[in-house]
Amino acid sequence: RQVDIRGDFQLYFAPFNVKFYAEDIRIANPGWAQAKQFFTAKRVDTRVATLPLIFGDRILRFADLDRAQVALEWDSDNKHNSWTFGDPNQPPEPLELPQVQRAALTKSGLTYRDPRLRLFADIDFDTVKATESRINETIRFSGRGTMNAQPFTITGGLASPNETIAGGKNKLTLHAIGLGNTLDVAGTLPGPTELEGA
C-alpha cells in the first residue's frame with residue numbers, strides 16, 4: 001500500500017507511550033476497492049501504550065482525528081477486505097479496533113461496503129466540544145445506507161468519551177430506522193471502541 005504524509009510527521013517515545021502525529025496523511029486501498037484511499041486525515045494525533053503493544057494489545061491512550069475518512073470494503077467474492085494488509089493471498093482478517101481510552105473526532109466519517117450482504121453505509125462523526133457547564137465531550141454520529149436494497153438511517157452519540165481513563169462509563173445512544181423497523185439502544189460501553197462485554 002502506498003502511504004503519503006504531506007505535512008508534519010512525528011514518531012517517538014514520550015516516554016511510556018509512542019507518540020504518532022501526522023498531517024495530511026493518505027493510505028491507499030487495494031486496486032479492486034471502490035474508494036481509492038483506505039484512510040485519509042488532515043491530522044492524526046495519538047499516543048499508543050508501549051507495554052501492552054509488546055504483548056500484542058493495541059491500546060490508544062488517546063486518538064484525536066481531524067477530517068479523517070476510512071473506507072472499509074469487501075470485494076465482490078468476500079475473499080478480500082480493505083483492512084487486511086500484507087500478502088493478498090492470505091485469508092482476510094476480522095475487523096479488530098484498538099482500545100481507545102480518550103477520543104475526539106472532527107468532521108470525520110467512514111464508509112462500509114459489503115456487496116455480498118448488499119450492505120452499504122456512510123457514517124459521519126463529530127465531537128461536540130465541552131461548554132463552561134460541561135466537562136465531558138460527546139461524539140455524535142449520523143448515517144445512511146441500504147441493506148438488501150432497502151434504505152436505513154442511524155443517529156446517536158457516545159457521551160463522556162474521555163471518562164474511560166478515569167474509570168468512568170461511555171454512554172451510548174443509537175436510533176435506527178429501516179427495513180420496516182425502528183431500533184433504539186441506550187447503554188454503556190467499557191470504552192469508545194469496545195463492544196464486547198457491553
# chains A, B, ... in the order shown; residues from 1 in each chain; ligands from 1
$ residues_around --residues "range 174-183 of chain A" --least-positions-apart "4" --cutoff "7 Å" --atoms "only C-alpha atoms" --output "PDB file with C-alpha atoms, in the first residue's frame"
ATOM      1  CA  GLN A 150     -33.773  -1.166   1.484  1.00  0.00           C
ATOM      2  CA  PRO A 151     -32.751   2.238   2.890  1.00  0.00           C
ATOM      3  CA  PHE A 152     -31.936   2.864   6.561  1.00  0.00           C
ATOM      4  CA  THR A 153     -30.781   5.771   8.711  1.00  0.00           C
ATOM      5  CA  ILE A 154     -28.981   5.863  12.055  1.00  0.00           C
ATOM      6  CA  THR A 155     -28.241   8.619  14.571  1.00  0.00           C
ATOM      7  CA  GLY A 156     -26.729   8.595  18.018  1.00  0.00           C
ATOM      8  CA  GLY A 157     -23.909   9.599  20.255  1.00  0.00           C
TER       9      GLY A 157
END
$ select_by_dssp --residues "range 18-97 of chain A" --states "strand (DSSP E)" --output "PyMOL selection string"
chain A and resi 18-28+37-49+59-66+69-73
$ select_by_dssp --residues "range 7-177 of chain A" --states "helix (DSSP H, G or I)" --output "list of chain:residue names"
A:Thr50, A:Leu51, A:Pro52, A:Leu53, A:Ile54, A:Thr164, A:Ile165, A:Ala166
$ residues_around --residues "Ala121 in chain A" --least-positions-apart "3" --cutoff "12 Å" --atoms "only C-alpha atoms" --output "CSV table (one decimal) with N, CA, C and O atoms, in the first residue's frame"
chain,number,residue,atom,x,y,z
A,70,VAL,N,-12.4,6.8,6.6
A,70,VAL,CA,-12.0,5.4,6.5
A,70,VAL,C,-12.9,4.7,5.5
A,70,VAL,O,-14.1,4.8,5.6
A,71,ALA,N,-12.4,3.9,4.6
A,71,ALA,CA,-13.2,3.2,3.6
A,71,ALA,C,-13.0,1.7,3.9
A,71,ALA,O,-12.0,1.1,3.6
A,72,LEU,N,-14.0,1.1,4.5
A,72,LEU,CA,-14.0,-0.4,4.8
A,72,LEU,C,-14.8,-1.1,3.7
A,72,LEU,O,-16.0,-0.8,3.6
A,73,GLU,N,-14.1,-2.0,3.0
A,73,GLU,CA,-14.8,-2.6,1.8
A,73,GLU,C,-14.4,-4.1,1.8
A,73,GLU,O,-13.3,-4.5,2.1
A,109,GLY,N,-15.5,10.5,9.2
A,109,GLY,CA,-16.5,9.6,8.8
A,109,GLY,C,-15.9,8.3,8.3
A,109,GLY,O,-14.7,8.1,8.1
A,110,LEU,N,-16.8,7.3,8.0
A,110,LEU,CA,-16.4,6.0,7.4
A,110,LEU,C,-17.5,5.5,6.5
A,110,LEU,O,-18.7,5.9,6.6
A,111,THR,N,-17.0,4.7,5.5
A,111,THR,CA,-17.9,4.1,4.6
A,111,THR,C,-17.7,2.6,4.8
A,111,THR,O,-16.6,2.1,5.1
A,112,TYR,N,-18.8,1.8,4.6
A,112,TYR,CA,-18.7,0.3,4.7
A,112,TYR,C,-19.4,-0.2,3.5
A,112,TYR,O,-20.5,0.1,3.2
A,113,ARG,N,-18.7,-1.1,2.8
A,113,ARG,CA,-19.3,-1.7,1.6
A,113,ARG,C,-19.1,-3.3,1.6
A,113,ARG,O,-18.0,-3.8,1.8
A,114,ASP,N,-20.3,-4.0,1.6
A,114,ASP,CA,-20.2,-5.4,1.5
A,114,ASP,C,-21.2,-5.9,0.4
A,114,ASP,O,-22.4,-6.0,0.7
A,115,PRO,N,-20.7,-6.1,-0.8
A,115,PRO,CA,-21.6,-6.4,-1.9
A,115,PRO,C,-22.4,-7.7,-1.7
A,115,PRO,O,-23.5,-7.8,-2.1
A,117,LEU,N,-23.5,-9.1,1.1
A,117,LEU,CA,-24.6,-8.8,2.0
A,117,LEU,C,-25.5,-7.7,1.5
A,117,LEU,O,-26.5,-7.5,2.1
A,118,ARG,N,-25.1,-7.1,0.4
A,118,ARG,CA,-25.8,-5.9,-0.1
A,118,ARG,C,-26.0,-4.8,1.0
A,118,ARG,O,-27.0,-4.2,1.1
A,124,ASP,N,-21.1,9.6,9.5
A,124,ASP,CA,-20.3,10.8,9.8
A,124,ASP,C,-20.2,10.9,11.3
A,124,ASP,O,-21.1,10.6,12.1
A,142,SER,N,-24.1,10.1,12.6
A,142,SER,CA,-25.3,10.0,11.8
A,142,SER,C,-25.0,9.3,10.5
A,142,SER,O,-23.8,9.5,10.1
A,143,GLY,N,-25.9,8.5,10.0
A,143,GLY,CA,-25.5,7.8,8.8
A,143,GLY,C,-26.7,7.4,8.0
A,143,GLY,O,-27.9,7.5,8.5
A,144,ARG,N,-26.4,6.9,6.9
A,144,ARG,CA,-27.5,6.4,6.0
A,144,ARG,C,-26.9,5.3,5.1
A,144,ARG,O,-25.7,5.2,5.0
A,145,GLY,N,-27.7,4.4,4.6
A,145,GLY,CA,-27.2,3.4,3.7
A,145,GLY,C,-28.4,2.5,3.3
A,145,GLY,O,-29.6,2.9,3.4
A,146,THR,N,-28.0,1.4,2.7
A,146,THR,CA,-29.0,0.4,2.2
A,146,THR,C,-28.6,-1.0,2.6
A,146,THR,O,-27.4,-1.3,2.7
A,147,MET,N,-29.5,-1.8,2.9
A,147,MET,CA,-29.3,-3.3,3.1
A,147,MET,C,-30.3,-4.0,2.4
A,147,MET,O,-31.5,-3.8,2.5
A,148,ASN,N,-29.9,-4.9,1.5
A,148,ASN,CA,-30.8,-5.6,0.6
A,148,ASN,C,-31.7,-4.7,-0.2
A,148,ASN,O,-32.9,-4.9,-0.3
A,149,ALA,N,-31.0,-3.6,-0.6
A,149,ALA,CA,-31.7,-2.5,-1.4
A,149,ALA,C,-32.7,-1.7,-0.7
A,149,ALA,O,-33.5,-0.9,-1.3
A,150,GLN,N,-32.8,-1.9,0.7
A,150,GLN,CA,-33.8,-1.2,1.5
A,150,GLN,C,-33.0,-0.1,2.3
A,150,GLN,O,-32.0,-0.4,2.9
A,151,PRO,N,-33.5,1.2,2.2
A,151,PRO,CA,-32.8,2.2,2.9
A,151,PRO,C,-32.9,2.2,4.4
A,151,PRO,O,-33.9,1.7,4.9
A,152,PHE,N,-31.9,2.7,5.1
A,152,PHE,CA,-31.9,2.9,6.6
A,152,PHE,C,-31.2,4.1,7.0
A,152,PHE,O,-30.3,4.6,6.2
A,153,THR,N,-31.5,4.6,8.1
A,153,THR,CA,-30.8,5.8,8.7
A,153,THR,C,-30.4,5.4,10.2
A,153,THR,O,-31.2,4.7,10.8
A,154,ILE,N,-29.3,6.0,10.7
A,154,ILE,CA,-29.0,5.9,12.1
A,154,ILE,C,-28.5,7.2,12.6
A,154,ILE,O,-27.9,8.0,11.9
$ atom_distance --atom1 "CA of Arg6 in chain A" --atom2 "CA of Thr40 in chain A"
11.2 Å
$ residues_around --residues "Lys79 in chain A" --least-positions-apart "5" --cutoff "10 Å" --atoms "only C-alpha atoms" --output "MDAnalysis selection string"
chainID A and resid 74 88:92
$ write_last_selection --atoms "C-alpha atoms" --output "JSON list (two decimals), in the first residue's frame"
[["chain", "number", "residue", "atom", "x", "y", "z"],
["A", 74, "TRP", "CA", -15.16, -6.29, 0.87],
["A", 88, "PRO", "CA", -3.22, -10.55, -0.70],
["A", 89, "ASN", "CA", -3.30, -14.36, -0.89],
["A", 90, "GLN", "CA", -3.68, -14.71, 2.88],
["A", 91, "PRO", "CA", -7.20, -15.12, 4.35],
["A", 92, "PRO", "CA", -8.91, -11.83, 5.29]]
$ closest_residue --among "A:Arg67, A:Arg61, A:Lys171, A:Arg47" --to "Thr138 in chain A" --atoms "only C-alpha atoms"
A:Lys171
$ residues_around --residues "Ala63 in chain A" --least-positions-apart "6" --cutoff "7 Å" --atoms "only C-alpha atoms" --output "list in words"
Asp45, Thr46, Arg47, Arg102, Ala103 and Ala104 of chain A
$ write_last_selection --atoms "N, CA and C atoms" --output "tab-separated table (two decimals), in the first residue's frame"
chain	number	residue	atom	x	y	z
A	45	ASP	N	-3.39	12.58	15.70
A	45	ASP	CA	-2.55	12.76	16.89
A	45	ASP	C	-2.92	11.67	17.88
A	46	THR	N	-2.02	10.72	18.13
A	46	THR	CA	-2.32	9.60	19.01
A	46	THR	C	-1.15	9.31	19.95
A	47	ARG	N	-1.49	8.61	21.04
A	47	ARG	CA	-0.48	8.03	21.94
A	47	ARG	C	-0.82	6.56	22.09
A	102	ARG	N	-9.33	7.67	25.23
A	102	ARG	CA	-9.88	9.00	25.03
A	102	ARG	C	-9.95	9.24	23.53
A	103	ALA	N	-11.01	9.91	23.10
A	103	ALA	CA	-11.17	10.10	21.66
A	103	ALA	C	-11.81	11.46	21.36
A	104	ALA	N	-11.41	12.02	20.23
A	104	ALA	CA	-12.04	13.23	19.70
A	104	ALA	C	-11.99	13.14	18.18
$ atom_distance --atom1 "CA of Ala14 in chain A" --atom2 "CA of Leu158 in chain A"
28.5 Å
$ residues_around --residues "Lys107 in chain A" --least-positions-apart "3" --cutoff "7 Å" --atoms "only C-alpha atoms" --output "ChimeraX atom specification"
/A:66-67,125-126
$ closest_residue --among "A:Glu137, A:Asn170, A:Ile27, A:Gly7" --to "Phe39 in chain A" --atoms "only C-alpha atoms"
A:Ile27
$ atom_distance --atom1 "CA of Asn29 in chain A" --atom2 "CA of Asp4 in chain A"
12.4 Å
$ closest_residue --among "A:Arg1, A:Arg140, A:Ser108, A:Ala35" --to "Gly86 in chain A" --atoms "only C-alpha atoms"
A:Arg1
$ residues_around --residues "Val44 in chain A" --least-positions-apart "4" --cutoff "10 Å" --atoms "only C-alpha atoms" --output "ChimeraX atom specification"
/A:9,20-25,40,63-68,105
$ closest_residue --among "A:Gly187, A:Val128, A:Thr173, A:Val100" --to "Phe62 in chain A" --atoms "only C-alpha atoms"
A:Val100
$ closest_residue --among "A:Thr84, A:Asn17, A:Gln10, A:Thr106" --to "Thr50 in chain A" --atoms "only C-alpha atoms"
A:Asn17
